[in-house]
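Colleague: Sharing a structure with you now.
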Amino acid sequence: MCVMCAYVGKKKQAAPMLLEAGKRIEGLWSGYYTGIGVLGNDGVIRNHKTTGCSKCWEARFSVEELPGTVGFFHSRTNSGGDSRYAHPFLSADGSVLLISQGSSGYFKSDQQKLVEIGNRLLDKNTSFSSADYNASTQKYPNLKDGSQVHVSDLVTGYAAEVCKRLGDPFAAVRETASLLREEGVSLFIFRDWPEHIYVANMNQRLCLHFQDDGAFLSTCALAMGDTRHRLLEIPPNSVSVVTPSTIKVEQLAPDIVVDTHIPAGVLESFVRYLSRHPSSLLACITDNAVAPHYTGERLEMRAAVTYDIFEQLYYAGMLKLENIYLPGGGNDQSINTLISLSGSHLFS
């Protein structure tokens, strides 16, 4: 799984803010691959990504190399492979930048569409930055040229093609996300539409905060600091566009139904699990305390509920967070955020 942040503004540089925000959440559900991409005022998208956590990113790159007022930060778990598997992904023509969080999940049976579209793009001489001809795992789609390509790389290439055809990024995002379905949320920057971030959300968490100079988005409110802001939630099954001061939201797909209810007793289970298992990862809490409250028969919002409860408890002063660094291969380090209760509480 992944965590991510995005910023679109008018004057403030995006990269420094995104790096600091990303550091606050990178270990929650990620911590190995790290990337920042920004659209510059010169109309060029610049994108630096690496294996390793933000500490490794800072050792190799600088935010000064990424000028611009709209951009992305992304961190994800180690799936095997080098920095080609890190986000953001930039289309071969340099026109679209994408970050995404999620997995095939409920739509796993639809994944053959990715292979078909990837092969069609190859026929049009589209290249993929993540193409691996000697993949040690079979995690991603295998194309007819013998390459394995990251799912989000294929989505980025397809979105670029569709936008060229339609001339409308909002419509392009809707078509892309409606066809290539995942249990995820994806954010797009289009080179020719500065000061805009486009979002397709199926069933994941994405919060939005309008600041003085622009708009900040993240999978977790903690990215925005220890002060709990009044946030908007990007709804599931939606496509939207965010500018520094506005948001437009429409339904993504009329045939999709997302179960948005929060099951009774899930908060108590979350706290009870932590009381018995201090220093837990958020993913473990989800699997053991949140997931058992769901049937698994519908398109659900387990991760979103986990984040919501986590934030409630954190801002109430009930949680203690500890970051630990782990070897990630070579000189790389990954980071995990361990979560514990800060004291004795109810439901323990």
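Letters for chains follow the order of the structure tokens (A, B, ...), residue numbers begin at 1 for each chain, and ligand numbers begin at 1 in the order shown.
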Just asking: which residues within region 95-239 of chain A are helix (DSSP H, G or I) according to DSSP, as number ranges by chain?

Modeller: A: 105-110, 112-123, 151-166, 169-179, 221-224

Colleague: How close does each residue of region 160-244 of chain A get to region 132-153 of chain A, giving the shortest atom pair and distance in Å to one decimal for every residue with an atom at most 10 Å away, counting only C-alpha atoms, sorted by chain and residue number, as CSV?

Modeller:
residue,atom,partner,partner_atom,distance
A:Leu180,CA,A:Val151,CA,9.5
A:Glu182,CA,A:Val151,CA,9.9
A:Ser186,CA,A:Ser152,CA,8.8

Colleague: Could you pull the residues within 8 Å of Met1 (chain A), counting only C-alpha atoms, minus those fewer than 2 positions along the same chain, as a CSV table (one decimal) with N, CA and C atoms, in the first residue's frame?

Modeller:
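Result went into around.csv, see below:
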chain,number,residue,atom,x,y,z
A,3,VAL,N,1.2,5.8,0.7
A,3,VAL,CA,0.7,7.1,1.2
A,3,VAL,C,1.2,8.1,0.2
A,29,TRP,N,2.1,3.4,6.0
A,29,TRP,CA,1.6,2.3,5.1
A,29,TRP,C,2.5,2.2,3.9
A,30,SER,N,3.8,2.4,4.1
A,30,SER,CA,4.7,2.5,2.9
A,30,SER,C,6.1,2.5,3.4
A,76,ARG,N,5.7,4.2,-1.0
A,76,ARG,CA,5.0,2.9,-1.1
A,76,ARG,C,5.9,1.8,-0.5
A,77,THR,N,5.3,0.6,-0.3
A,77,THR,CA,6.0,-0.5,0.3
A,77,THR,C,6.9,-1.2,-0.8
A,101,GLN,N,-2.8,5.0,-5.3
A,101,GLN,CA,-2.8,4.1,-4.1
A,101,GLN,C,-3.9,3.1,-4.1
A,102,GLY,N,-3.5,1.9,-4.0
A,102,GLY,CA,-4.6,0.8,-4.0
A,102,GLY,C,-4.1,-0.4,-4.6
A,103,SER,N,-5.0,-1.3,-5.0
A,103,SER,CA,-4.7,-2.6,-5.6
A,103,SER,C,-5.8,-3.0,-6.5

Colleague: So the first atom is CA of Gly105 (chain A) and the second is CA of Glu183 (chain A); what is the distance between them in Å, to one decimal place?

Modeller: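 Result for CA of Gly105 (chain A) versus CA of Glu183 (chain A): 5.9 Å, one decimal.
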
Colleague: Write out as an MDAnalysis selection string all residues of region 214-256 of chain A that backbone DSSP assigns to strand (DSSP E).

Modeller: chainID A and resid 214:218 232:233 238:242 247:251

Colleague: Let's have the selection written as a PDB file, in the first residue's frame, with N, CA and C atoms.

Modeller:
ATOM      1  N   GLY A 214      -3.226  27.800  -1.610  1.00  0.00           N
ATOM      2  CA  GLY A 214      -3.574  26.708  -2.498  1.00  0.00           C
ATOM      3  C   GLY A 214      -4.282  25.581  -1.786  1.00  0.00           C
ATOM      4  N   ALA A 215      -4.323  24.429  -2.447  1.00  0.00           N
ATOM      5  CA  ALA A 215      -5.036  23.264  -1.931  1.00  0.00           C
ATOM      6  C   ALA A 215      -4.063  22.125  -1.694  1.00  0.00           C
ATOM      7  N   PHE A 216      -4.236  21.446  -0.556  1.00  0.00           N
ATOM      8  CA  PHE A 216      -3.375  20.335  -0.171  1.00  0.00           C
ATOM      9  C   PHE A 216      -4.223  19.076  -0.049  1.00  0.00           C
ATOM     10  N   LEU A 217      -3.755  17.982  -0.645  1.00  0.00           N
ATOM     11  CA  LEU A 217      -4.458  16.701  -0.584  1.00  0.00           C
ATOM     12  C   LEU A 217      -3.541  15.649   0.007  1.00  0.00           C
ATOM     13  N   SER A 218      -4.111  14.701   0.729  1.00  0.00           N
ATOM     14  CA  SER A 218      -3.319  13.621   1.286  1.00  0.00           C
ATOM     15  C   SER A 218      -4.210  12.441   1.651  1.00  0.00           C
ATOM     16  N   LEU A 232     -12.116  18.488   3.775  1.00  0.00           N
ATOM     17  CA  LEU A 232     -13.105  17.896   2.882  1.00  0.00           C
ATOM     18  C   LEU A 232     -12.643  16.484   2.545  1.00  0.00           C
ATOM     19  N   GLU A 233     -13.577  15.601   2.303  1.00  0.00           N
ATOM     20  CA  GLU A 233     -13.266  14.233   1.898  1.00  0.00           C
ATOM     21  C   GLU A 233     -13.670  14.067   0.428  1.00  0.00           C
ATOM     22  N   SER A 238     -15.850   8.684  -7.609  1.00  0.00           N
ATOM     23  CA  SER A 238     -15.938  10.061  -8.088  1.00  0.00           C
ATOM     24  C   SER A 238     -14.735  10.416  -8.950  1.00  0.00           C
ATOM     25  N   VAL A 239     -14.942  11.393  -9.797  1.00  0.00           N
ATOM     26  CA  VAL A 239     -13.867  12.038 -10.542  1.00  0.00           C
ATOM     27  C   VAL A 239     -13.957  13.522 -10.219  1.00  0.00           C
ATOM     28  N   SER A 240     -12.811  14.161  -9.984  1.00  0.00           N
ATOM     29  CA  SER A 240     -12.838  15.549  -9.552  1.00  0.00           C
ATOM     30  C   SER A 240     -11.630  16.298 -10.097  1.00  0.00           C
ATOM     31  N   VAL A 241     -11.724  17.613 -10.048  1.00  0.00           N
ATOM     32  CA  VAL A 241     -10.599  18.474 -10.394  1.00  0.00           C
ATOM     33  C   VAL A 241     -10.464  19.526  -9.301  1.00  0.00           C
ATOM     34  N   VAL A 242      -9.232  19.695  -8.832  1.00  0.00           N
ATOM     35  CA  VAL A 242      -8.936  20.620  -7.746  1.00  0.00           C
ATOM     36  C   VAL A 242      -8.016  21.718  -8.267  1.00  0.00           C
ATOM     37  N   ILE A 247     -13.032  23.072  -6.071  1.00  0.00           N
ATOM     38  CA  ILE A 247     -13.109  21.660  -6.428  1.00  0.00           C
ATOM     39  C   ILE A 247     -14.416  21.398  -7.155  1.00  0.00           C
ATOM     40  N   LYS A 248     -14.330  20.580  -8.185  1.00  0.00           N
ATOM     41  CA  LYS A 248     -15.495  20.117  -8.924  1.00  0.00           C
ATOM     42  C   LYS A 248     -15.515  18.598  -8.826  1.00  0.00           C
ATOM     43  N   VAL A 249     -16.676  18.033  -8.457  1.00  0.00           N
ATOM     44  CA  VAL A 249     -16.787  16.590  -8.248  1.00  0.00           C
ATOM     45  C   VAL A 249     -17.987  16.055  -9.026  1.00  0.00           C
ATOM     46  N   GLU A 250     -17.794  14.935  -9.711  1.00  0.00           N
ATOM     47  CA  GLU A 250     -18.874  14.241 -10.386  1.00  0.00           C
ATOM     48  C   GLU A 250     -18.738  12.736 -10.143  1.00  0.00           C
ATOM     49  N   GLN A 251     -19.817  12.014 -10.382  1.00  0.00           N
ATOM     50  CA  GLN A 251     -19.779  10.564 -10.247  1.00  0.00           C
ATOM     51  C   GLN A 251     -18.847   9.970 -11.292  1.00  0.00           C
TER      52      GLN A 251
END

Colleague: Show which residues sit within 12 Å of Leu121 (chain A), as a list in words. Count only C-alpha atoms, and ignore same-chain residues fewer than 2 positions away.

Modeller: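 Once the nearby chain positions are removed, what remains is Ser91, Ala92, Leu114, Val115, Glu116, Ile117, Gly118, Asn119, Asp123, Lys124, Asn125, Thr126, Ser127, Phe128, Leu143, Lys144, Asp145, Asp153, Leu154, Val155, Thr156, Gly157, Tyr158, Ala159, Ala160, Glu161 and Val162 of chain A.
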
Colleague: Could you save the residues just selected, with N, CA and C atoms, as an mmCIF file, in the first residue's frame?

Modeller:
data_model
loop_
_atom_site.group_PDB
_atom_site.id
_atom_site.type_symbol
_atom_site.label_atom_id
_atom_site.label_comp_id
_atom_site.auth_asym_id
_atom_site.auth_seq_id
_atom_site.Cartn_x
_atom_site.Cartn_y
_atom_site.Cartn_z
ATOM 1 N N SER A 91 4.299 10.009 -18.193
ATOM 2 C CA SER A 91 4.056 9.404 -19.512
ATOM 3 C C SER A 91 5.252 9.647 -20.420
ATOM 4 N N ALA A 92 5.398 8.791 -21.420
ATOM 5 C CA ALA A 92 6.570 8.843 -22.296
ATOM 6 C C ALA A 92 6.709 10.179 -23.006
ATOM 7 N N LEU A 114 -5.651 -4.367 -18.797
ATOM 8 C CA LEU A 114 -4.373 -3.670 -18.721
ATOM 9 C C LEU A 114 -3.386 -4.223 -19.745
ATOM 10 N N VAL A 115 -3.352 -5.539 -19.868
ATOM 11 C CA VAL A 115 -2.449 -6.163 -20.831
ATOM 12 C C VAL A 115 -2.831 -5.767 -22.250
ATOM 13 N N GLU A 116 -4.128 -5.799 -22.541
ATOM 14 C CA GLU A 116 -4.591 -5.445 -23.886
ATOM 15 C C GLU A 116 -4.250 -3.999 -24.231
ATOM 16 N N ILE A 117 -4.470 -3.094 -23.273
ATOM 17 C CA ILE A 117 -4.171 -1.688 -23.531
ATOM 18 C C ILE A 117 -2.665 -1.471 -23.620
ATOM 19 N N GLY A 118 -1.906 -2.146 -22.752
ATOM 20 C CA GLY A 118 -0.457 -2.027 -22.826
ATOM 21 C C GLY A 118 0.086 -2.480 -24.168
ATOM 22 N N ASN A 119 -0.421 -3.579 -24.684
ATOM 23 C CA ASN A 119 0.024 -4.071 -25.997
ATOM 24 C C ASN A 119 -0.380 -3.112 -27.111
ATOM 25 N N ASP A 123 2.070 -1.011 -29.741
ATOM 26 C CA ASP A 123 1.899 -0.937 -31.197
ATOM 27 C C ASP A 123 2.000 0.499 -31.704
ATOM 28 N N LYS A 124 1.744 1.458 -30.810
ATOM 29 C CA LYS A 124 1.843 2.871 -31.183
ATOM 30 C C LYS A 124 3.180 3.463 -30.768
ATOM 31 N N ASN A 125 4.131 2.580 -30.466
ATOM 32 C CA ASN A 125 5.505 2.970 -30.105
ATOM 33 C C ASN A 125 5.586 3.743 -28.795
ATOM 34 N N THR A 126 4.629 3.477 -27.898
ATOM 35 C CA THR A 126 4.698 4.060 -26.561
ATOM 36 C C THR A 126 5.697 3.270 -25.726
ATOM 37 N N SER A 127 6.545 3.973 -25.005
ATOM 38 C CA SER A 127 7.497 3.306 -24.119
ATOM 39 C C SER A 127 7.041 3.460 -22.671
ATOM 40 N N PHE A 128 7.522 2.554 -21.807
ATOM 41 C CA PHE A 128 7.157 2.564 -20.397
ATOM 42 C C PHE A 128 8.427 2.597 -19.551
ATOM 43 N N LEU A 143 3.664 -7.847 -21.002
ATOM 44 C CA LEU A 143 3.272 -7.432 -22.338
ATOM 45 C C LEU A 143 3.944 -8.299 -23.402
ATOM 46 N N LYS A 144 3.488 -8.134 -24.630
ATOM 47 C CA LYS A 144 3.910 -9.036 -25.704
ATOM 48 C C LYS A 144 5.358 -8.863 -26.118
ATOM 49 N N ASP A 145 5.998 -7.763 -25.723
ATOM 50 C CA ASP A 145 7.416 -7.582 -26.044
ATOM 51 C C ASP A 145 8.320 -8.236 -25.007
ATOM 52 N N ASP A 153 2.048 2.721 -14.497
ATOM 53 C CA ASP A 153 2.733 3.187 -15.702
ATOM 54 C C ASP A 153 1.819 3.024 -16.912
ATOM 55 N N LEU A 154 1.119 1.887 -16.985
ATOM 56 C CA LEU A 154 0.160 1.661 -18.070
ATOM 57 C C LEU A 154 -0.992 2.664 -18.010
ATOM 58 N N VAL A 155 -1.495 2.915 -16.795
ATOM 59 C CA VAL A 155 -2.589 3.872 -16.624
ATOM 60 C C VAL A 155 -2.161 5.266 -17.080
ATOM 61 N N THR A 156 -0.926 5.651 -16.741
ATOM 62 C CA THR A 156 -0.421 6.967 -17.137
ATOM 63 C C THR A 156 -0.349 7.090 -18.649
ATOM 64 N N GLY A 157 0.182 6.066 -19.293
ATOM 65 C CA GLY A 157 0.279 6.099 -20.748
ATOM 66 C C GLY A 157 -1.073 6.157 -21.422
ATOM 67 N N TYR A 158 -2.036 5.413 -20.868
ATOM 68 C CA TYR A 158 -3.372 5.427 -21.450
ATOM 69 C C TYR A 158 -4.047 6.791 -21.246
ATOM 70 N N ALA A 159 -3.887 7.383 -20.066
ATOM 71 C CA ALA A 159 -4.483 8.700 -19.806
ATOM 72 C C ALA A 159 -3.922 9.751 -20.763
ATOM 73 N N ALA A 160 -2.637 9.660 -21.059
ATOM 74 C CA ALA A 160 -2.039 10.608 -22.005
ATOM 75 C C ALA A 160 -2.642 10.438 -23.398
ATOM 76 N N GLU A 161 -2.834 9.185 -23.804
ATOM 77 C CA GLU A 161 -3.425 8.925 -25.126
ATOM 78 C C GLU A 161 -4.861 9.441 -25.197
ATOM 79 N N VAL A 162 -5.637 9.160 -24.163
ATOM 80 C CA VAL A 162 -7.040 9.569 -24.165
ATOM 81 C C VAL A 162 -7.163 11.087 -24.150
#

Colleague: One number please: CA of Leu326 (chain A) to CA of Leu18 (chain A), in Å, one decimal.

Modeller: 22.9 Å

Colleague: Suppose you want the space between CA of Pro236 (chain A) and CA of His293 (chain A); what is it in Å?

Modeller: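 So the two atoms, CA of Pro236 (chain A) and CA of His293 (chain A), lie 19.6 Å apart.
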
Colleague: Pick out the closest residue to Leu299 (chain A) from this set: A:Glu268, A:Phe107, A:Gln112, A:Asn323. Count only C-alpha atoms.

Modeller: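 Answer, going by the shortest atom-to-atom distance: A:Phe107.
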
Colleague: Write out as a list in words which residues come within 9 Å of Ser100 (chain A) when counting only C-alpha atoms, dropping same-chain ones fewer than 3 positions away.

Modeller: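 Listing them by chain and then by number gives Cys2, Val3, Met4, His74, His87, Pro88, Ser152, Gly184, Val185, Ser186, Leu187 and Phe188 of chain A.
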
Colleague: Could the residues in this selection be saved with C-alpha atoms as a PDB file, in the first residue's frame?

Modeller:
ATOM      1  CA  CYS A   2       0.979   3.633  -0.303  1.00  0.00           C
ATOM      2  CA  VAL A   3       0.714   7.078   1.205  1.00  0.00           C
ATOM      3  CA  MET A   4       0.743  10.255  -0.835  1.00  0.00           C
ATOM      4  CA  HIS A  74       4.439   9.380  -2.958  1.00  0.00           C
ATOM      5  CA  HIS A  87       5.782   6.716  -8.115  1.00  0.00           C
ATOM      6  CA  PRO A  88       5.127   9.255  -9.596  1.00  0.00           C
ATOM      7  CA  SER A 152       0.278   2.735 -12.835  1.00  0.00           C
ATOM      8  CA  GLY A 184      -7.664   2.788  -5.524  1.00  0.00           C
ATOM      9  CA  VAL A 185      -7.379   6.509  -5.848  1.00  0.00           C
ATOM     10  CA  SER A 186      -5.282   8.132  -8.581  1.00  0.00           C
ATOM     11  CA  LEU A 187      -4.146  11.732  -8.985  1.00  0.00           C
ATOM     12  CA  PHE A 188      -3.124  13.252 -12.316  1.00  0.00           C
TER      13      PHE A 188
END

Colleague: Taking only C-alpha atoms into account, which of A:Gln312, A:Thr50, A:Gln204, A:Gln111 comes nearest Asp259 (chain A)?

Modeller: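 Answer, going by the shortest atom-to-atom distance: A:Gln204.
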
Colleague: From the list A:Glu65, A:Cys220, A:Arg228, A:Glu195, which residue is nearest Lys23 (chain A) when using only C-alpha atoms?

Modeller: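 Smallest separation from Lys23 (chain A) among the options: A:Cys220.
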
Colleague: From the set A:Thr34, A:Gln13, A:Ser178, A:Ser109, which residue has the shortest atom-to-atom contact distance to Phe73 (chain A), counting only C-alpha atoms?

Modeller: A:Thr34

Colleague: Of the candidates A:Leu319, A:Leu179, A:Ile36, A:Leu97, which shows the shortest atom-to-atom distance to Asp110 (chain A), using only C-alpha atoms?

Modeller: A:Leu179
